[in-house]
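K.L.:
Data file query.tsv (TSV, C-alpha atoms) is appended below.
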chain	number	residue	atom	x	y	z
A	1	MET	CA	-53.74	0.73	-16.31
A	2	ALA	CA	-51.04	3.40	-15.88
A	3	LYS	CA	-51.03	2.83	-12.13
A	4	THR	CA	-50.54	-0.91	-12.65
A	5	ILE	CA	-47.60	-0.25	-14.99
A	6	LEU	CA	-45.98	2.16	-12.52
A	7	LEU	CA	-46.40	-0.36	-9.70
A	8	GLY	CA	-44.80	-3.02	-11.91
A	9	VAL	CA	-41.85	-0.79	-12.76
A	10	ALA	CA	-41.42	0.13	-9.10
A	11	ALA	CA	-41.45	-3.54	-8.15
A	12	LEU	CA	-38.81	-4.35	-10.77
A	13	LEU	CA	-36.63	-1.48	-9.57
A	14	LEU	CA	-36.95	-2.68	-5.99
A	15	VAL	CA	-35.96	-6.21	-7.01
A	16	ALA	CA	-32.98	-4.84	-8.95
A	17	VAL	CA	-31.85	-2.76	-5.96
A	18	LEU	CA	-32.17	-5.75	-3.65
A	19	VAL	CA	-30.24	-8.03	-6.03
A	20	ILE	CA	-27.43	-5.51	-6.56
A	21	GLY	CA	-27.32	-4.75	-2.84
A	22	GLY	CA	-27.08	-8.46	-2.13
A	23	ILE	CA	-24.16	-8.84	-4.53
A	24	PHE	CA	-22.24	-5.98	-2.90
A	25	TRP	CA	-23.07	-7.24	0.61
A	26	SER	CA	-21.86	-10.73	-0.28
A	27	ALA	CA	-18.66	-9.39	-1.88
A	28	HIS	CA	-17.82	-7.25	1.15
A	29	ARG	CA	-18.54	-10.12	3.52
A	30	ALA	CA	-16.22	-12.41	1.51
A	31	ILE	CA	-13.34	-9.94	1.35
A	32	GLU	CA	-13.59	-9.20	5.08
A	33	ALA	CA	-13.21	-12.95	5.74
A	34	GLU	CA	-9.79	-13.03	4.03
A	35	HIS	CA	-7.34	-12.23	6.82
A	36	ALA	CA	-4.34	-14.56	6.56
A	37	PRO	CA	-1.46	-13.76	8.93
A	38	LEU	CA	1.23	-11.43	7.61
A	39	PRO	CA	4.88	-12.36	8.14
A	40	THR	CA	6.29	-11.46	11.54
A	41	ALA	CA	9.51	-9.47	11.89
A	42	GLN	CA	11.33	-12.72	12.71
A	43	GLU	CA	9.93	-14.53	9.67
A	44	LEU	CA	10.91	-11.65	7.38
A	45	ALA	CA	14.41	-11.48	8.86
A	46	ALA	CA	14.89	-15.24	8.37
A	47	TRP	CA	13.75	-15.01	4.75
A	48	ILE	CA	15.93	-11.97	3.99
A	49	ASP	CA	18.99	-13.67	5.54
A	50	GLY	CA	18.24	-17.04	3.94
A	51	PRO	CA	20.37	-19.06	1.53
A	52	THR	CA	21.86	-17.09	-1.36
A	53	PHE	CA	22.26	-20.00	-3.77
A	54	ASP	CA	20.49	-19.60	-7.13
A	55	LEU	CA	18.79	-16.28	-6.45
A	56	PRO	CA	17.38	-14.29	-9.39
A	57	VAL	CA	19.88	-11.83	-10.83
A	58	ARG	CA	17.78	-9.48	-12.97
A	59	ALA	CA	14.39	-7.77	-12.79
A	60	ARG	CA	12.81	-5.56	-15.44
A	61	TRP	CA	9.36	-4.39	-16.46
A	62	ILE	CA	7.20	-4.29	-19.58
A	63	GLU	CA	4.60	-1.57	-20.09
A	64	THR	CA	1.48	-2.88	-21.85
A	65	ALA	CA	-0.72	0.25	-21.58
A	66	THR	CA	-0.83	3.70	-19.99
A	67	GLN	CA	-3.66	6.13	-19.22
A	68	LYS	CA	-3.54	9.66	-17.85
A	69	MET	CA	-6.17	10.51	-15.26
A	70	PRO	CA	-6.75	12.70	-12.21
A	71	ARG	CA	-4.93	11.56	-9.10
A	72	SER	CA	-8.28	11.89	-7.32
A	73	ALA	CA	-9.42	8.82	-9.27
A	74	VAL	CA	-7.01	6.59	-7.33
A	75	LEU	CA	-6.49	8.36	-3.96
A	76	ASP	CA	-9.23	9.51	-1.62
A	77	PRO	CA	-9.13	13.33	-1.98
A	78	ALA	CA	-9.98	13.67	1.71
A	79	GLY	CA	-6.55	12.32	2.63
A	80	ASP	CA	-4.48	13.47	-0.34
A	81	PRO	CA	-2.77	16.87	0.01
A	82	SER	CA	-2.14	17.20	-3.75
A	83	PRO	CA	-5.04	15.67	-5.70
A	84	GLU	CA	-4.26	17.78	-8.79
A	85	THR	CA	-0.77	16.32	-9.29
A	86	PRO	CA	-0.44	14.59	-12.70
A	87	TYR	CA	-0.80	10.83	-12.61
A	88	VAL	CA	-0.36	8.09	-15.21
A	89	MET	CA	-1.91	4.67	-14.64
A	90	SER	CA	0.38	1.91	-15.89
A	91	HIS	CA	-0.36	-1.75	-16.67
A	92	PRO	CA	2.98	-3.57	-16.38
A	93	ALA	CA	4.32	-7.08	-16.34
A	94	PHE	CA	7.46	-7.75	-14.32
A	95	VAL	CA	10.22	-10.08	-15.53
A	96	ILE	CA	12.38	-11.91	-12.96
A	97	GLU	CA	15.37	-13.81	-14.39
A	98	TRP	CA	17.93	-16.33	-13.09
A	99	THR	CA	21.50	-17.01	-14.31
A	100	ASP	CA	20.43	-20.12	-16.23
A	101	GLY	CA	17.98	-17.98	-18.24
A	102	ARG	CA	14.70	-19.10	-16.73
A	103	ILE	CA	12.11	-16.36	-16.33
A	104	LEU	CA	9.25	-15.88	-13.90
A	105	LEU	CA	6.61	-13.30	-14.78
A	106	ILE	CA	4.64	-11.31	-12.21
A	107	ASP	CA	1.40	-10.26	-13.95
A	108	THR	CA	1.06	-10.14	-17.73
A	109	GLY	CA	-0.75	-6.86	-18.50
A	110	MET	CA	-3.18	-6.68	-21.40
A	111	ARG	CA	-3.51	-7.10	-25.15
A	112	ARG	CA	-4.30	-3.99	-27.24
A	113	ASP	CA	-8.03	-4.56	-27.81
A	114	SER	CA	-8.53	-5.52	-24.19
A	115	ALA	CA	-6.71	-2.38	-23.05
A	116	ILE	CA	-8.97	-0.18	-25.16
A	117	SER	CA	-12.06	-1.85	-23.71
A	118	PHE	CA	-10.68	-1.53	-20.20
A	119	GLY	CA	-9.87	2.17	-20.57
A	120	LYS	CA	-13.23	3.34	-21.96
A	121	PRO	CA	-15.18	3.30	-18.66
A	122	LEU	CA	-12.38	5.28	-17.00
A	123	GLU	CA	-12.72	7.91	-19.73
A	124	TRP	CA	-16.49	8.11	-19.31
A	125	LEU	CA	-16.68	7.98	-15.52
A	126	GLY	CA	-13.28	8.91	-14.13
A	127	GLY	CA	-12.22	11.85	-16.26
A	128	ALA	CA	-9.32	9.88	-17.74
A	129	GLY	CA	-7.69	10.44	-21.08
A	130	ALA	CA	-7.69	7.81	-23.80
A	131	ILE	CA	-5.76	4.67	-22.89
A	132	GLU	CA	-2.58	4.12	-24.90
A	133	PRO	CA	-1.87	0.44	-25.60
A	134	GLN	CA	1.81	-0.47	-25.85
A	135	ARG	CA	3.39	-3.82	-26.67
A	136	THR	CA	1.99	-7.03	-25.24
A	137	THR	CA	4.21	-8.91	-22.84
A	138	ALA	CA	4.68	-11.63	-25.46
A	139	GLU	CA	5.78	-9.08	-28.08
A	140	ALA	CA	8.20	-7.41	-25.68
A	141	LEU	CA	9.77	-10.73	-24.72
A	142	GLY	CA	10.23	-11.86	-28.32
A	143	PRO	CA	12.44	-14.97	-28.39
A	144	ASP	CA	12.81	-14.76	-24.59
A	145	LEU	CA	9.20	-15.97	-24.38
A	146	GLN	CA	10.49	-19.54	-24.62
A	147	ARG	CA	12.41	-18.98	-21.37
A	148	VAL	CA	9.28	-18.13	-19.36
A	149	LYS	CA	8.87	-20.99	-16.92
A	150	ALA	CA	6.52	-19.61	-14.27
A	151	LEU	CA	3.76	-17.10	-13.58
A	152	LEU	CA	2.56	-15.31	-10.47
A	153	PHE	CA	-0.32	-12.84	-10.31
A	154	THR	CA	-0.73	-10.13	-7.72
A	155	HIS	CA	-4.47	-10.71	-8.28
A	156	LEU	CA	-6.77	-11.88	-11.05
A	157	HIS	CA	-8.37	-8.73	-12.43
A	158	THR	CA	-8.24	-8.97	-16.21
A	159	ASP	CA	-5.95	-5.94	-16.65
A	160	HIS	CA	-3.28	-8.06	-14.91
A	161	VAL	CA	-4.18	-11.42	-16.50
A	162	ASP	CA	-5.28	-10.78	-20.10
A	163	GLY	CA	-1.74	-10.88	-21.51
A	164	VAL	CA	-1.56	-14.60	-20.78
A	165	VAL	CA	-3.61	-15.22	-23.93
A	166	ALA	CA	-0.80	-13.82	-26.11
A	167	LEU	CA	1.78	-15.84	-24.16
A	168	CYS	CA	0.00	-19.05	-25.18
A	169	GLU	CA	-0.42	-18.15	-28.87
A	170	GLY	CA	1.97	-19.26	-31.59
A	171	ALA	CA	3.20	-22.52	-33.01
A	172	SER	CA	5.14	-23.68	-29.93
A	173	PRO	CA	4.09	-21.81	-26.79
A	174	PRO	CA	6.15	-22.51	-23.67
A	175	ARG	CA	4.83	-24.71	-20.89
A	176	ILE	CA	4.37	-22.31	-17.96
A	177	GLU	CA	3.85	-23.23	-14.30
A	178	LEU	CA	1.30	-21.02	-12.54
A	179	PHE	CA	1.61	-20.70	-8.76
A	180	MET	CA	-1.42	-19.47	-6.78
A	181	THR	CA	-2.51	-19.26	-3.17
A	182	VAL	CA	-5.59	-21.25	-2.17
A	183	ALA	CA	-7.60	-18.01	-1.99
A	184	GLN	CA	-6.58	-16.98	-5.49
A	185	ALA	CA	-7.28	-20.41	-6.99
A	186	GLU	CA	-10.46	-21.32	-5.14
A	187	ARG	CA	-12.20	-18.18	-3.85
A	188	PRO	CA	-12.77	-15.75	-6.74
A	189	ASN	CA	-15.46	-13.10	-6.58
A	190	TYR	CA	-17.37	-11.51	-9.43
A	191	THR	CA	-14.49	-9.09	-10.12
A	192	THR	CA	-11.84	-11.84	-10.46
A	193	GLN	CA	-13.81	-14.75	-11.93
A	194	PRO	CA	-13.22	-13.50	-15.53
A	195	GLY	CA	-9.46	-13.52	-14.90
A	196	LEU	CA	-9.58	-17.00	-13.40
A	197	ASP	CA	-11.58	-18.15	-16.43
A	198	LEU	CA	-8.83	-16.82	-18.73
A	199	LEU	CA	-6.20	-18.81	-16.84
A	200	GLU	CA	-8.27	-21.99	-16.81
A	201	GLN	CA	-8.67	-21.71	-20.59
A	202	ALA	CA	-5.00	-20.89	-21.28
A	203	PRO	CA	-3.56	-24.02	-22.94
A	204	CYS	CA	0.08	-23.39	-22.01
A	205	VAL	CA	-0.51	-22.80	-18.29
A	206	ARG	CA	-0.31	-25.51	-15.63
A	207	PRO	CA	-1.63	-24.36	-12.22
A	208	HIS	CA	-0.17	-25.29	-8.83
A	209	VAL	CA	-1.67	-24.29	-5.48
A	210	LEU	CA	0.79	-23.07	-2.85
A	211	GLY	CA	0.25	-25.13	0.29
A	212	GLY	CA	1.32	-24.88	3.90
A	213	VAL	CA	0.44	-22.46	6.65
A	214	ALA	CA	3.54	-20.24	6.57
A	215	ALA	CA	2.96	-16.53	6.02
A	216	LEU	CA	5.69	-16.55	3.36
A	217	HIS	CA	5.00	-19.16	0.67
A	218	PRO	CA	8.21	-20.08	-1.21
A	219	VAL	CA	7.79	-20.75	-4.93
A	220	GLN	CA	9.25	-24.18	-5.65
A	221	GLY	CA	11.97	-24.13	-8.28
A	222	PHE	CA	12.37	-20.36	-8.06
A	223	PRO	CA	14.53	-19.55	-5.01
A	224	GLY	CA	14.37	-16.00	-3.75
A	225	VAL	CA	10.66	-15.60	-4.52
A	226	ALA	CA	7.90	-15.86	-1.92
A	227	VAL	CA	4.18	-15.09	-1.87
A	228	ILE	CA	2.20	-13.41	0.92
A	229	ASP	CA	-1.53	-14.12	1.11
A	230	ALA	CA	-2.72	-10.51	1.27
A	231	GLY	CA	-6.44	-10.17	0.50
A	232	GLY	CA	-7.75	-6.66	1.06
A	233	HIS	CA	-8.31	-5.72	-2.59
A	234	THR	CA	-9.62	-9.08	-3.79
A	235	PRO	CA	-9.91	-12.41	-1.96
A	236	GLY	CA	-6.91	-13.75	-3.91
A	237	SER	CA	-4.68	-10.68	-3.82
A	238	GLU	CA	-1.02	-11.44	-3.15
A	239	ILE	CA	2.09	-9.47	-2.26
A	240	ILE	CA	5.10	-11.04	-3.95
A	241	VAL	CA	8.58	-10.53	-2.49
A	242	VAL	CA	11.86	-11.14	-4.31
A	243	ARG	CA	15.49	-11.30	-3.16
A	244	LEU	CA	17.53	-10.14	-6.13
A	245	ALA	CA	21.28	-10.82	-6.30
A	246	SER	CA	22.00	-7.94	-8.67
A	247	ALA	CA	25.38	-6.70	-9.83
A	248	GLN	CA	25.07	-3.92	-7.24
A	249	GLY	CA	24.41	-6.35	-4.39
A	250	MET	CA	21.32	-7.77	-2.73
A	251	LYS	CA	18.11	-5.93	-3.60
A	252	LEU	CA	14.74	-6.57	-1.98
A	253	LEU	CA	11.59	-6.08	-4.06
A	254	ALA	CA	7.93	-6.19	-3.04
A	255	PHE	CA	5.24	-6.27	-5.73
A	256	ALA	CA	2.14	-4.72	-4.19
A	257	GLY	CA	-0.32	-5.20	-7.06
A	258	ASP	CA	-3.42	-3.09	-6.44
A	259	THR	CA	-3.14	-2.86	-2.67
A	260	VAL	CA	-2.78	0.80	-3.61
A	261	ASN	CA	-2.90	2.43	-7.05
A	262	HIS	CA	-0.52	5.26	-6.17
A	263	HIS	CA	2.63	5.02	-4.09
A	264	ASP	CA	1.43	7.85	-1.83
A	265	GLY	CA	-1.28	5.48	-0.68
A	266	ILE	CA	1.52	3.67	1.18
A	267	ARG	CA	3.63	6.65	2.16
A	268	ARG	CA	0.67	8.67	3.48
A	269	ASP	CA	-1.65	5.76	4.36
A	270	VAL	CA	-4.38	7.07	2.03
A	271	PRO	CA	-7.11	4.69	0.82
A	272	LYS	CA	-8.67	4.63	-2.62
A	273	PRO	CA	-11.74	6.82	-3.25
A	274	TRP	CA	-14.76	5.79	-1.18
A	275	ALA	CA	-17.05	4.97	-4.11
A	276	TYR	CA	-14.36	2.80	-5.75
A	277	ARG	CA	-13.66	0.65	-2.70
A	278	LYS	CA	-17.33	0.32	-1.76
A	279	PHE	CA	-19.04	-0.24	-5.12
A	280	ILE	CA	-16.61	-0.74	-8.00
A	281	VAL	CA	-14.17	-3.17	-6.37
A	282	PRO	CA	-15.45	-4.01	-2.84
A	283	GLU	CA	-12.43	-3.89	-0.53
A	284	SER	CA	-11.78	-4.50	3.16
A	285	ASP	CA	-10.89	-1.11	4.61
A	286	GLY	CA	-9.36	-2.63	7.74
A	287	ARG	CA	-7.17	-5.10	5.85
A	288	GLN	CA	-6.12	-2.50	3.30
A	289	HIS	CA	-5.00	-0.20	6.13
A	290	GLU	CA	-3.03	-3.10	7.63
A	291	LEU	CA	-1.41	-3.85	4.26
A	292	ARG	CA	-0.47	-0.22	3.64
A	293	GLN	CA	1.26	-0.13	7.01
A	294	PHE	CA	2.99	-3.46	6.28
A	295	LEU	CA	4.30	-2.22	2.92
A	296	SER	CA	5.43	1.03	4.52
A	297	SER	CA	7.40	-0.96	7.10
A	298	LEU	CA	9.02	-3.00	4.30
A	299	GLU	CA	10.22	0.26	2.75
A	300	LYS	CA	11.27	2.14	5.86
A	301	GLU	CA	12.54	-0.64	8.10
A	302	ARG	CA	13.66	-3.41	5.72
A	303	GLY	CA	14.90	-1.49	2.69
A	304	PHE	CA	12.47	-3.00	0.18
A	305	THR	CA	11.64	-1.28	-3.08
A	306	VAL	CA	7.86	-1.49	-3.34
A	307	LEU	CA	6.47	-1.74	-6.89
A	308	VAL	CA	2.96	-0.29	-7.24
A	309	SER	CA	1.58	-1.74	-10.46
A	310	HIS	CA	-0.58	1.18	-11.57
A	311	ASP	CA	1.77	4.04	-10.63
A	312	GLU	CA	4.02	4.52	-13.66
A	313	ALA	CA	6.14	7.24	-12.02
A	314	SER	CA	6.78	4.96	-9.05
A	315	VAL	CA	7.77	2.01	-11.26
A	316	ARG	CA	10.14	4.21	-13.24
A	317	ALA	CA	11.68	5.55	-10.02
A	318	SER	CA	12.31	1.98	-8.77
A	319	GLY	CA	15.45	1.60	-10.85
A	320	LEU	CA	14.20	-1.47	-12.71
A	321	ALA	CA	15.08	-1.46	-16.38
A	322	GLN	CA	12.21	-1.27	-18.86
A	323	GLN	CA	12.18	-3.90	-21.58
Here is a file; write its structure as structure tokens.

P.N.:
Amino acid sequence: MAKTILLGVAALLLVAVLVIGGIFWSAHRAIEAEHAPLPTAQELAAWIDGPTFDLPVRARWIETATQKMPRSAVLDPAGDPSPETPYVMSHPAFVIEWTDGRILLIDTGMRRDSAISFGKPLEWLGGAGAIEPQRTTAEALGPDLQRVKALLFTHLHTDHVDGVVALCEGASPPRIELFMTVAQAERPNYTTQPGLDLLEQAPCVRPHVLGGVAALHPVQGFPGVAVIDAGGHTPGSEIIVVRLASAQGMKLLAFAGDTVNHHDGIRRDVPKPWAYRKFIVPESDGRQHELRQFLSSLEKERGFTVLVSHDEASVRASGLAQQ
């Protein structure tokens, strides 16, 4: 009898291992298939030198939650010369504004309860401190919420998407246009499907799929903003670039999302920890390396300020005002 039970348990464990292995194998195969062309030097130059009419004039950021943790949780210690340096993971939304008052949001952060749920596993498994929820994006915007006309997401993990629920609450939520690449809209994986579900259930959001074959997808109605089909981190990951006609002159911004979680990932070409990119969020190592080099070239050769969503120190050093 005992032998039969042990054989049954062993069989169940084997089935579980095979099922989980199949899920990871399928996820890695899907992410490796996402390899859209990146903009060439000529395409970037043409976009940078493009028309200056009706460019956005202000950019700021909203912090929805922070969490202290070891730097080794976000950079592979094998390639990081200072893994003990203090690090704070941020969860921002970025506000892009035009002279007529219309606002485009890049990511929406999280609500308080969602932030607490999100931070717990990082406390248990990653040696992080307790997450500290801040204001939701809707709370930070206050009456400016009615001026939000469009949304872009660097990718659809729920820590970037959850704040959309608060945007749609209230007596008269704004009608918001959501622009997505084909990959983001149509090819989620198990890590991004919950975020896509949130967007599909959001009553104030109207989705539009960015078409065409160009490497830089302009966002209709919002000059100065373009989307790059990035992949690497998730099938629908995007790098969003903005030409900002600020009071100090033209400023170029690139919103990297979770291509890296620390700016030194770009500057030193360091990947995320091996276990994270293989089992927690299956990534394409080759594409991620390509994207880190691309973002580095934007900084060094084109003068872009690269915004790394989860690196609070980097966002603060960008010069963008916090709302």

K.L.:
Pick the closest to Glu186 of chain A from A:Gly236, A:Pro271, A:Gly142, A:Gly126: which is it, counting only C-alpha atoms?

P.N.:
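For Glu186 of chain A, the nearest of the candidates is A:Gly236.
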
K.L.:
Kindly give the distance, in Å, that separates atom CA of Phe294 of chain A and atom CA of Gly232 of chain A, rounded to a single decimal.

P.N.:
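Atom-to-atom, atom CA of Phe294 of chain A and atom CA of Gly232 of chain A are spaced 12.4 Å apart.
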
K.L.:
Can you pull out every residue within 12 Å of Lys68 of chain A, counting only C-alpha atoms, but drop anything in the same chain fewer than 5 positions away, and send it as a list in words?

P.N.:
Ala73, Val74, Thr85, Pro86, Tyr87, Val88, Met89, Ser90, His91, Gly119, Leu122, Glu123, Gly126, Gly127, Ala128, Gly129, Ala130, Ile131, Glu132, His310, Asp311, Glu312 and Ala313 of chain A

K.L.:
For the selection just defined, write its residues with C-alpha atoms to a file, as a compact mmCIF listing (two decimals), in the coordinates of the input.

P.N.:
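Output below, filename result15.txt:
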# COMPACT_ATOMS: atom_id res chain seq x y z
CA ALA A 73 -9.42 8.82 -9.27
CA VAL A 74 -7.01 6.59 -7.33
CA THR A 85 -0.77 16.32 -9.29
CA PRO A 86 -0.44 14.59 -12.70
CA TYR A 87 -0.80 10.83 -12.61
CA VAL A 88 -0.36 8.09 -15.21
CA MET A 89 -1.91 4.67 -14.64
CA SER A 90 0.38 1.91 -15.89
CA HIS A 91 -0.36 -1.75 -16.67
CA GLY A 119 -9.87 2.17 -20.57
CA LEU A 122 -12.38 5.28 -17.00
CA GLU A 123 -12.72 7.91 -19.73
CA GLY A 126 -13.28 8.91 -14.13
CA GLY A 127 -12.22 11.85 -16.26
CA ALA A 128 -9.32 9.88 -17.74
CA GLY A 129 -7.69 10.44 -21.08
CA ALA A 130 -7.69 7.81 -23.80
CA ILE A 131 -5.76 4.67 -22.89
CA GLU A 132 -2.58 4.12 -24.90
CA HIS A 310 -0.58 1.18 -11.57
CA ASP A 311 1.77 4.04 -10.63
CA GLU A 312 4.02 4.52 -13.66
CA ALA A 313 6.14 7.24 -12.02

K.L.:
Counting all atoms listed in the file, which of A:Arg175, A:His155, A:Arg243, A:Lys120 gets nearest to Arg58 of chain A?

P.N.:
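Selected residue with least distance to Arg58 of chain A: A:Arg243.
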
K.L.:
Excluding Ala183 of chain A and any residue of its chain fewer than 3 positions from it, enumerate the residues within 10 Å of it, using only C-alpha atoms, and give them as an MDAnalysis selection string.

P.N.:
chainID A and resid 34 36 180 186:188 209:210 229:231 234:238

K.L.:
Looking at A:Ala46, A:Val164, A:Ala321, A:Ile239, which one is nearest to Leu295 of chain A, with distances taken over all atoms listed in the file?

P.N.:
A:Ile239

K.L.:
Using all atoms listed in the file, can you list as a list in words the residues within 9 Å of (4.1, -22.7, -18.2)?

P.N.:
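Collected hits near the coordinates: Val148, Lys149, Ala150, Leu151, Cys168, Pro173, Pro174, Arg175, Ile176, Glu177, Leu178, Cys204, Val205, Arg206 and Pro207 of chain A.
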
K.L.:
Could you turn the residues from that selection into a file that holds C-alpha atoms, as a compact mmCIF listing (two decimals), keeping the file's coordinate frame?

P.N.:
# COMPACT_ATOMS: atom_id res chain seq x y z
CA VAL A 148 9.28 -18.13 -19.36
CA LYS A 149 8.87 -20.99 -16.92
CA ALA A 150 6.52 -19.61 -14.27
CA LEU A 151 3.76 -17.10 -13.58
CA CYS A 168 0.00 -19.05 -25.18
CA PRO A 173 4.09 -21.81 -26.79
CA PRO A 174 6.15 -22.51 -23.67
CA ARG A 175 4.83 -24.71 -20.89
CA ILE A 176 4.37 -22.31 -17.96
CA GLU A 177 3.85 -23.23 -14.30
CA LEU A 178 1.30 -21.02 -12.54
CA CYS A 204 0.08 -23.39 -22.01
CA VAL A 205 -0.51 -22.80 -18.29
CA ARG A 206 -0.31 -25.51 -15.63
CA PRO A 207 -1.63 -24.36 -12.22

K.L.:
Could you tell me which of A:Pro37, A:Gly319, A:Pro81, A:Gly163 comes closest to Ala115 of chain A if we count all atoms listed in the file?

P.N.:
A:Gly163

K.L.:
Applying 12 Å and all atoms listed in the file, which residues near Ala41 of chain A remain after dropping the ones on its own chain fewer than 3 positions away? List them as a PyMOL selection string.

P.N.:
chain A and resi 38+44-48+215-216+294+297-298+301-302

K.L.:
Select, from A:Val95, A:Leu141, A:Leu75, A:Ala30, the residue with the minimum atom-to-atom distance to Gly265 of chain A, counting all atoms listed in the file.

P.N.:
A:Leu75

K.L.:
Nearest to Ala245 of chain A: which of A:Gly286, A:Pro56, A:Pro133, A:Pro77 is it, counting all atoms listed in the file?

P.N.:
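Closest residue, counting all atoms listed in the file: A:Pro56.
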
K.L.:
So the first atom is atom CA of Ile280 of chain A and the second is atom CA of Pro70 of chain A; what is the distance between them in Å, to one decimal place?

P.N.:
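Atom-to-atom, atom CA of Ile280 of chain A to atom CA of Pro70 of chain A, that is 17.2 Å.
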
K.L.:
So the first atom is atom CA of His217 of chain A and the second is atom CA of Thr136 of chain A; what is the distance between them in Å, to one decimal place?

P.N.:
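Taking atom CA of His217 of chain A as the start and atom CA of Thr136 of chain A as the end point, the length is 28.8 Å.
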
K.L.:
As a compact mmCIF listing (two decimals) with C-alpha atoms, keeping the file's coordinate frame, please: the residues near Gln288 of chain A (cut-off 8 Å, only C-alpha atoms, same-chain neighbours under 2 positions excluded).

P.N.:
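Output (out17.txt):
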# COMPACT_ATOMS: atom_id res chain seq x y z
CA GLY A 232 -7.75 -6.66 1.06
CA HIS A 233 -8.31 -5.72 -2.59
CA THR A 259 -3.14 -2.86 -2.67
CA PRO A 271 -7.11 4.69 0.82
CA GLU A 283 -12.43 -3.89 -0.53
CA SER A 284 -11.78 -4.50 3.16
CA ASP A 285 -10.89 -1.11 4.61
CA GLY A 286 -9.36 -2.63 7.74
CA GLU A 290 -3.03 -3.10 7.63
CA LEU A 291 -1.41 -3.85 4.26
CA ARG A 292 -0.47 -0.22 3.64

K.L.:
Can you tell me, as a compact mmCIF listing (two decimals) with C-alpha atoms, in the coordinates of the input, what residues are no more than 8 Å from Ala93 of chain A when counting only C-alpha atoms, ignoring any on the same chain fewer than 2 positions away?

P.N.:
# COMPACT_ATOMS: atom_id res chain seq x y z
CA TRP A 61 9.36 -4.39 -16.46
CA ILE A 62 7.20 -4.29 -19.58
CA GLU A 63 4.60 -1.57 -20.09
CA THR A 64 1.48 -2.88 -21.85
CA HIS A 91 -0.36 -1.75 -16.67
CA VAL A 95 10.22 -10.08 -15.53
CA LEU A 105 6.61 -13.30 -14.78
CA ILE A 106 4.64 -11.31 -12.21
CA ASP A 107 1.40 -10.26 -13.95
CA THR A 108 1.06 -10.14 -17.73
CA GLY A 109 -0.75 -6.86 -18.50
CA THR A 137 4.21 -8.91 -22.84
CA HIS A 160 -3.28 -8.06 -14.91
